[in-house]
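Peer 1: This is the structure I want to talk about, given as C-alpha cells.
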Amino acid sequence: MKEVGKIKASIIIFFCGITLFTIGLPDEFVGFQCRFALFAQEMLRNGPTLFPTTFDTPYPDYPATSTFLIYLPARLTGEVTPLIAVLPTAVASSLILVFTYLVGARISRKWGLLAVLFSMLTFTFVKESREISLDQFISLLTLIGFYALSSPAAGPTTAWKWALLPLLFVAGFAIRGPIGLVIPAAVASGYFLWEREYVKFIFTTVISGILLVGCMVALVYAARLSGGEHFAKEVLEMQMAGRISSHDNPPLYYWYRSLGEYAIAFPLAICVSAALFRKWLRPVRAEERLLAHLVVWMLIILVGMSIPGTKSSRYILPILPSITLIASYLLTEKNDLPFLIGMRFHLVRFFAMFPLYAVIGAIATAVYIAKEGLTPDWELVPILLMLVTTAGLGAVLKLKCNDWAAQKTLLTATAAAALVILYIGIIQPIYYDREHTTSFVSQVEQLREATPGPLVFYQIGPDGEDIKYAVNAGHSLQPEYFDKPEKMLTYGENACFVALQKYYDALPEHLVAQTVPLAKGNLGHKECIAFKLTRPVSFLEKPAFMIDK
C-alpha cells in the first residue's frame with residue numbers, strides 16, 4: 001500500500017509541476033533563452049544538425065541534443081513557441097520534483113513532500129523551470145543516478161545500476177558537454193567513496209574518465225564534420241579549455257552567491273549540515289545515512305564547480321535536490337538539538353507570514369509600476385485575490401490547526417504557493433516587460449519588407465542583441481556587422497542599420513547628418529534605434545580615407 005501511495009503522489013506531483021511550469025508563459029523569447037530558441041527555429045527550418053546554428057553557422061558552445069528535444073514537439077505545431085521551447089525543461093523539472101520526493105519518501109513520505117515544497121520555495125528553481133534550461137536536465141540525470149545507487153530494494157549495486165550509470169553520463173554529455181558528464185559522475189563516485197566501497201569508486205571513476213575521453217573524441221569529430229578544423233578548435237576552447245582557464249569569478253563565488261540565488265534551501269542546508277555534522281559523519285539511523293550522502297553530494301558540486309574560472313549560478317542547479325532534502329530535514333522533527341528546534345519554530349512562523357509579505361510586496365510593486373509608467377502584461381486584481389486567499393489560509397491554519405506536524409507541512413505549502421503566484425503573476429511579467437523586444441523588431445521588419453535591403457548591426461554582436469532580434473523576427477536572417485563608424489558609408493540607401501541608442505548618439509555629426517531614423521525601441525533592456533542612409537555614396541564622393549589605395 002505504501003508503494004501505491006508513493007506512485008499516486010508521484011503522478012500528482014508530476015502533473016502539478018507541468019502545470020505550474022507552463023501556465024501563463026509570455027508570448028515572446030527574452031534574455032538568455034533567446035539563443036536556444038533561435039537554435040530550435042533554425043533546426044526547424046533547416047533540419048537536424050550535430051551542432052545548433054545561429055544564422056546557419058554552427059555554434060560551438062553546446063551539442064545539438066537539447067535543441068533536438070525542442071525540435072521534436074515543434075515539428076507537430078510547425079513553429080517554435082515559448083510553450084514548445086519550455087516544455088522539455090518543464091518535463092525535466094517535474095521529474096526532478098518526483099525523484100526528490102521518492103528519495104525523501106524512502107525515510108518518510110512527509111520528508112519527500114517537504115523537499116518538493118522547498119524546491120518550489122527556491123526562486124532559481126522556479127525561474128529556470130519556466131525557461132529553456134540545459135542544467136535542469138543535468139540535475140535530473142544526477143538525481144536519477146543518486147536514486148538508483150541509494151535504492152535499498154535492490155540491495156548492493158547490481159548489474160542494472162552499472163548499465164544505467166554510463167547511460168546517464170553519456171546523456172549528460174550529449175546535452176551539456178563535458179560538464180554534463182562530470183557532475184553526475186562525480187556525485188556517483190562520491191557515493192561509493194563515502195560508503196568506503198573503494199573498488200566501485202575506482203571503477204566508476206575510471207569508467208567515467210574513459211567515457212569523457214570517448215565523448216570528447218566524438219565531439220571533436222562531429223565538430224570537424226560540421227565546421228572543419230577551426231570550428232573543432234572553437235568547440236574545445238568553448239566547452240573545456242576556456243571554462244577552466246578563465247578567471248571571471250573568485251573561488252568562493254558559489255558559496256556566497258548561493259545564499260541568495262538558492263535561498264531558502266541553501267542557507268538552511270548549510271545550517272543543518274553544520275549542526276548535525278556529528279550525526280552524518282557517524283550515521284546510525286537510515287535518515288542520518290541518507291543525510292550524509294546528501295551533504296557529500298552538495299559539497300562535491302560546490303567544491304568541484306569552484307575550480308573552473310567560468311562560473312554561473314545556473315551551472316550548479318544539480319545541487320538543488322540535495323539542498324532541498326537537507327533543508328527540509330529540519331521540519332521532519334528527527335532531531336532534538338535546541339538550535340534546530342528554535343530554527344524550526346521561527347521558520348514555520350516565517351512561512352505562516354510569507355503570503356502576507358507577498359501581498360504587501362505585490363501592492364508596493366503595483367504602486368511603483370504606476371509611478372514609473374510601466375505596462376507589464378499582468379492582471380493585478382486576480383493575483384492579489386489569490387495571494388490574499390493564500391495569506392488567509394495560512395492565518396487560519398496557524399490559529400486553528402492543532403496538529404503541529406500537519407501545520408508545518410501545510411504552512412510550508414502556503415508559502416510555496418505564494419512564491420509561485422508572486423513569480424508567475426508579478427515578477428515574470430515585469431521582467432518580460434523590461435526585456436520586451438517584439439514591438440521594435442516587428443516595426444523594423446515591416447519597414448524592411450517595404451524596402452528590401454541588408455540588415456546591418458553597428459557595434460552589436462555577433463552573439464549579442466542580434467540574437468534577440470533574430471529570434472523575434474519570425475524568419476531567417478543573414479545580418480552583417482561593423483564596428484567602425486566610417487564603414488557605414490559603404491552601404492547603399494536600402495540598408496537598414498540597427499544600433500544601441502548610445503552608440504548612434506556618439507556617431508560623428510557628419511555621419512548623423514547622412515542618416516534618417518526609422519524606429520526606436522528596445523532589444524532586451526537596451527534602447528536601440530534603426531536608421532538608414534539618406535542616399536548612397538558614390539566612389540567619387542567617398543572621403544579620402546575610405547578610397548582603397
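Residue numbers start at 1 in each chain; chains themselves are named A, B, ... in the order of the C-alpha cells; ligands are numbered from 1 in the order shown.
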If you run DSSP on the backbone, which residues of range 268-487 of chain A are strand (DSSP E), as a ChimeraX atom specification?
Peer 2: /A:455-458,480-482
Peer 1: Write down as a PyMOL selection string the residues of range 155-266 of chain A whose backbone DSSP state falls under helix (DSSP H, G or I).
Peer 2: chain A and resi 159-176+178-194+198-245+253-261+265-266
Peer 1: Give me, as a PyMOL selection string, all polymer residues having an atom no more than 10 Å from Val456 in chain A, counting only C-alpha atoms and skipping those fewer than 6 positions away in the same chain.
Peer 2: chain A and resi 466+478-482+488+491+495-499+530-532
Peer 1: What is the CA of Gly260 in chain A-CA of Arg289 in chain A distance in Å, reported with one decimal?
Peer 2: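 CA of Gly260 in chain A sits 28.0 Å away from CA of Arg289 in chain A.
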Peer 1: Identify which of the residues A:Phe51, A:Phe266, A:Phe351, A:Phe32 lies closest to Glu128 in chain A, counting only C-alpha atoms when measuring atom-to-atom distances.
Peer 2: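 The answer is A:Phe32, which sits nearest to Glu128 in chain A.
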Peer 1: Using only C-alpha atoms, pick whichever of A:Phe118, A:Phe36, A:Ser139, A:Phe29 has the shortest atom-to-atom distance to Arg314 in chain A.
Peer 2: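 When distances to Arg314 in chain A are compared using only C-alpha atoms, the smallest one comes from A:Ser139.
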Peer 1: What lies within 8 Å of Ala85 in chain A using only C-alpha atoms, ignoring chain neighbours under 6 positions off, as a PyMOL selection string?
Peer 2: chain A and resi 37+40+70+74+132
Peer 1: Output C-alpha atoms of each residue in that selection to a file, as a CSV table (one decimal), in the first residue's frame.
Peer 2:
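Contents of part.csv, freshly written:
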chain,number,residue,atom,x,y,z
A,37,ALA,CA,15.0,29.4,-29.2
A,40,ALA,CA,15.4,25.5,-32.4
A,70,ILE,CA,12.6,21.3,-28.7
A,74,ALA,CA,7.9,21.9,-32.7
A,132,ILE,CA,14.9,26.9,-21.5
Peer 1: Give the answer as one residue: which of A:Leu259, A:Ala159, A:Val213, A:Ile264 has the shortest atom-to-atom distance to Phe173 in chain A, using only C-alpha atoms?
Peer 2: A:Val213
Peer 1: Show me, as a PyMOL selection string, the residues that have an atom within 8 Å of Leu44 in chain A when counting only C-alpha atoms, minus same-chain residues fewer than 4 positions from it.
Peer 2: chain A and resi 40+48+71+74-75+78-80
Peer 1: Just how far from CA of Leu25 in chain A is CA of Tyr432 in chain A, in Å to one decimal?
Peer 2: 10.1 Å
Peer 1: How far is it from CA of Ala362 in chain A to CA of Lys400 in chain A, in Å with one decimal?
Peer 2: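 Separation between CA of Ala362 in chain A and CA of Lys400 in chain A: 26.7 Å.
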Peer 1: Show which residues sit within 10 Å of Lys233 in chain A, as a list in words. Count only C-alpha atoms, and ignore same-chain residues fewer than 3 positions away.
Peer 2: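 What passes the distance filter is Pro60, Val220, Ala223, Arg224, Gly228, Glu229, His230, Leu236, Glu237, Met238 and Ala241 of chain A.
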Peer 1: Just to be explicit: take each residue in the selection above, keep all heavy atoms, and write the result as a PDB file, in the first residue's frame.
Peer 2:
ATOM      1  N   PRO A  60      29.510  26.733 -31.275  1.00  0.00           N
ATOM      2  CA  PRO A  60      30.424  25.771 -30.651  1.00  0.00           C
ATOM      3  C   PRO A  60      30.169  25.433 -29.190  1.00  0.00           C
ATOM      4  O   PRO A  60      30.752  24.486 -28.675  1.00  0.00           O
ATOM      5  CB  PRO A  60      31.785  26.477 -30.790  1.00  0.00           C
ATOM      6  CG  PRO A  60      31.452  27.930 -30.740  1.00  0.00           C
ATOM      7  CD  PRO A  60      30.128  28.060 -31.430  1.00  0.00           C
ATOM      8  N   VAL A 220      34.732  16.211 -31.010  1.00  0.00           N
ATOM      9  CA  VAL A 220      35.667  16.865 -31.932  1.00  0.00           C
ATOM     10  C   VAL A 220      35.451  16.364 -33.359  1.00  0.00           C
ATOM     11  O   VAL A 220      35.481  17.147 -34.311  1.00  0.00           O
ATOM     12  CB  VAL A 220      37.123  16.618 -31.482  1.00  0.00           C
ATOM     13  CG1 VAL A 220      38.105  17.120 -32.527  1.00  0.00           C
ATOM     14  CG2 VAL A 220      37.390  17.313 -30.146  1.00  0.00           C
ATOM     15  N   ALA A 223      32.476  18.018 -34.650  1.00  0.00           N
ATOM     16  CA  ALA A 223      32.770  19.427 -34.932  1.00  0.00           C
ATOM     17  C   ALA A 223      33.502  19.582 -36.263  1.00  0.00           C
ATOM     18  O   ALA A 223      33.227  20.512 -37.028  1.00  0.00           O
ATOM     19  CB  ALA A 223      33.600  20.021 -33.799  1.00  0.00           C
ATOM     20  N   ARG A 224      34.424  18.670 -36.540  1.00  0.00           N
ATOM     21  CA  ARG A 224      35.137  18.736 -37.818  1.00  0.00           C
ATOM     22  C   ARG A 224      34.188  18.496 -38.985  1.00  0.00           C
ATOM     23  O   ARG A 224      34.303  19.140 -40.033  1.00  0.00           O
ATOM     24  CB  ARG A 224      36.264  17.701 -37.833  1.00  0.00           C
ATOM     25  CG  ARG A 224      37.463  18.103 -36.979  1.00  0.00           C
ATOM     26  CD  ARG A 224      38.491  17.004 -36.898  1.00  0.00           C
ATOM     27  NE  ARG A 224      39.676  17.437 -36.146  1.00  0.00           N
ATOM     28  CZ  ARG A 224      40.594  16.623 -35.654  1.00  0.00           C
ATOM     29  NH1 ARG A 224      40.458  15.296 -35.837  1.00  0.00           N
ATOM     30  NH2 ARG A 224      41.626  17.087 -34.997  1.00  0.00           N
ATOM     31  N   GLY A 228      34.728  22.043 -39.860  1.00  0.00           N
ATOM     32  CA  GLY A 228      36.151  21.990 -40.158  1.00  0.00           C
ATOM     33  C   GLY A 228      37.035  22.090 -38.930  1.00  0.00           C
ATOM     34  O   GLY A 228      36.568  22.131 -37.785  1.00  0.00           O
ATOM     35  N   GLU A 229      38.343  22.159 -39.159  1.00  0.00           N
ATOM     36  CA  GLU A 229      39.328  22.152 -38.080  1.00  0.00           C
ATOM     37  C   GLU A 229      39.203  23.372 -37.189  1.00  0.00           C
ATOM     38  O   GLU A 229      39.336  23.277 -35.962  1.00  0.00           O
ATOM     39  CB  GLU A 229      40.738  22.082 -38.686  1.00  0.00           C
ATOM     40  CG  GLU A 229      41.832  21.820 -37.658  1.00  0.00           C
ATOM     41  CD  GLU A 229      41.724  20.442 -37.027  1.00  0.00           C
ATOM     42  OE1 GLU A 229      41.272  19.502 -37.706  1.00  0.00           O
ATOM     43  OE2 GLU A 229      42.087  20.326 -35.830  1.00  0.00           O
ATOM     44  N   HIS A 230      38.971  24.521 -37.783  1.00  0.00           N
ATOM     45  CA  HIS A 230      38.857  25.755 -36.987  1.00  0.00           C
ATOM     46  C   HIS A 230      37.677  25.670 -36.022  1.00  0.00           C
ATOM     47  O   HIS A 230      37.799  26.048 -34.847  1.00  0.00           O
ATOM     48  CB  HIS A 230      38.688  26.958 -37.909  1.00  0.00           C
ATOM     49  CG  HIS A 230      38.478  28.251 -37.168  1.00  0.00           C
ATOM     50  ND1 HIS A 230      39.498  28.872 -36.460  1.00  0.00           N
ATOM     51  CD2 HIS A 230      37.367  29.027 -37.022  1.00  0.00           C
ATOM     52  CE1 HIS A 230      39.025  29.970 -35.911  1.00  0.00           C
ATOM     53  NE2 HIS A 230      37.736  30.085 -36.223  1.00  0.00           N
ATOM     54  N   LEU A 236      36.520  22.952 -28.569  1.00  0.00           N
ATOM     55  CA  LEU A 236      37.378  22.595 -27.441  1.00  0.00           C
ATOM     56  C   LEU A 236      37.603  23.785 -26.519  1.00  0.00           C
ATOM     57  O   LEU A 236      37.612  23.652 -25.295  1.00  0.00           O
ATOM     58  CB  LEU A 236      38.729  22.070 -27.955  1.00  0.00           C
ATOM     59  CG  LEU A 236      38.729  20.655 -28.545  1.00  0.00           C
ATOM     60  CD1 LEU A 236      40.084  20.348 -29.141  1.00  0.00           C
ATOM     61  CD2 LEU A 236      38.379  19.637 -27.465  1.00  0.00           C
ATOM     62  N   GLU A 237      37.783  24.954 -27.104  1.00  0.00           N
ATOM     63  CA  GLU A 237      38.001  26.155 -26.309  1.00  0.00           C
ATOM     64  C   GLU A 237      36.763  26.530 -25.513  1.00  0.00           C
ATOM     65  O   GLU A 237      36.836  26.816 -24.313  1.00  0.00           O
ATOM     66  CB  GLU A 237      38.399  27.323 -27.232  1.00  0.00           C
ATOM     67  CG  GLU A 237      38.518  28.666 -26.539  1.00  0.00           C
ATOM     68  CD  GLU A 237      39.640  28.728 -25.522  1.00  0.00           C
ATOM     69  OE1 GLU A 237      40.589  27.925 -25.628  1.00  0.00           O
ATOM     70  OE2 GLU A 237      39.571  29.577 -24.613  1.00  0.00           O
ATOM     71  N   MET A 238      35.595  26.509 -26.151  1.00  0.00           N
ATOM     72  CA  MET A 238      34.365  26.952 -25.500  1.00  0.00           C
ATOM     73  C   MET A 238      33.887  25.963 -24.441  1.00  0.00           C
ATOM     74  O   MET A 238      33.395  26.363 -23.381  1.00  0.00           O
ATOM     75  CB  MET A 238      33.265  27.149 -26.553  1.00  0.00           C
ATOM     76  CG  MET A 238      33.524  28.286 -27.515  1.00  0.00           C
ATOM     77  SD  MET A 238      33.375  29.905 -26.752  1.00  0.00           S
ATOM     78  CE  MET A 238      31.593  30.032 -26.576  1.00  0.00           C
ATOM     79  N   ALA A 241      38.624  24.080 -22.449  1.00  0.00           N
ATOM     80  CA  ALA A 241      39.802  24.879 -22.093  1.00  0.00           C
ATOM     81  C   ALA A 241      39.422  26.268 -21.593  1.00  0.00           C
ATOM     82  O   ALA A 241      39.955  26.753 -20.583  1.00  0.00           O
ATOM     83  CB  ALA A 241      40.734  24.980 -23.304  1.00  0.00           C
TER      84      ALA A 241
END
Peer 1: Determine, counting only C-alpha atoms, which protein, DNA and RNA residues have an atom within 8 Å of an atom of Leu387 in chain A; residues of the same chain fewer than 3 positions away are not included. Present the result as a ChimeraX atom specification.
Peer 2: /A:355-356,358-359,383-384,390-391,418,421-422
Peer 1: Counting only C-alpha atoms, which of A:Phe146, A:Phe201, A:Tyr62, A:Phe123 gets nearest to Pro178 in chain A?
Peer 2: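 Among the listed residues, A:Tyr62 lies closest to Pro178 in chain A.
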Peer 1: Looking at A:Leu411, A:Asp463, A:Lys502, A:Leu399, which one is nearest to Thr57 in chain A, with distances taken over only C-alpha atoms?
Peer 2: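 Ranking A:Leu411, A:Asp463, A:Lys502, A:Leu399 by distance to Thr57 in chain A, first place goes to A:Asp463.
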Peer 1: A:Cys34, A:Pro73, A:Tyr101, A:Thr534: which is nearest Thr54 in chain A, counting only C-alpha atoms?
Peer 2: A:Cys34
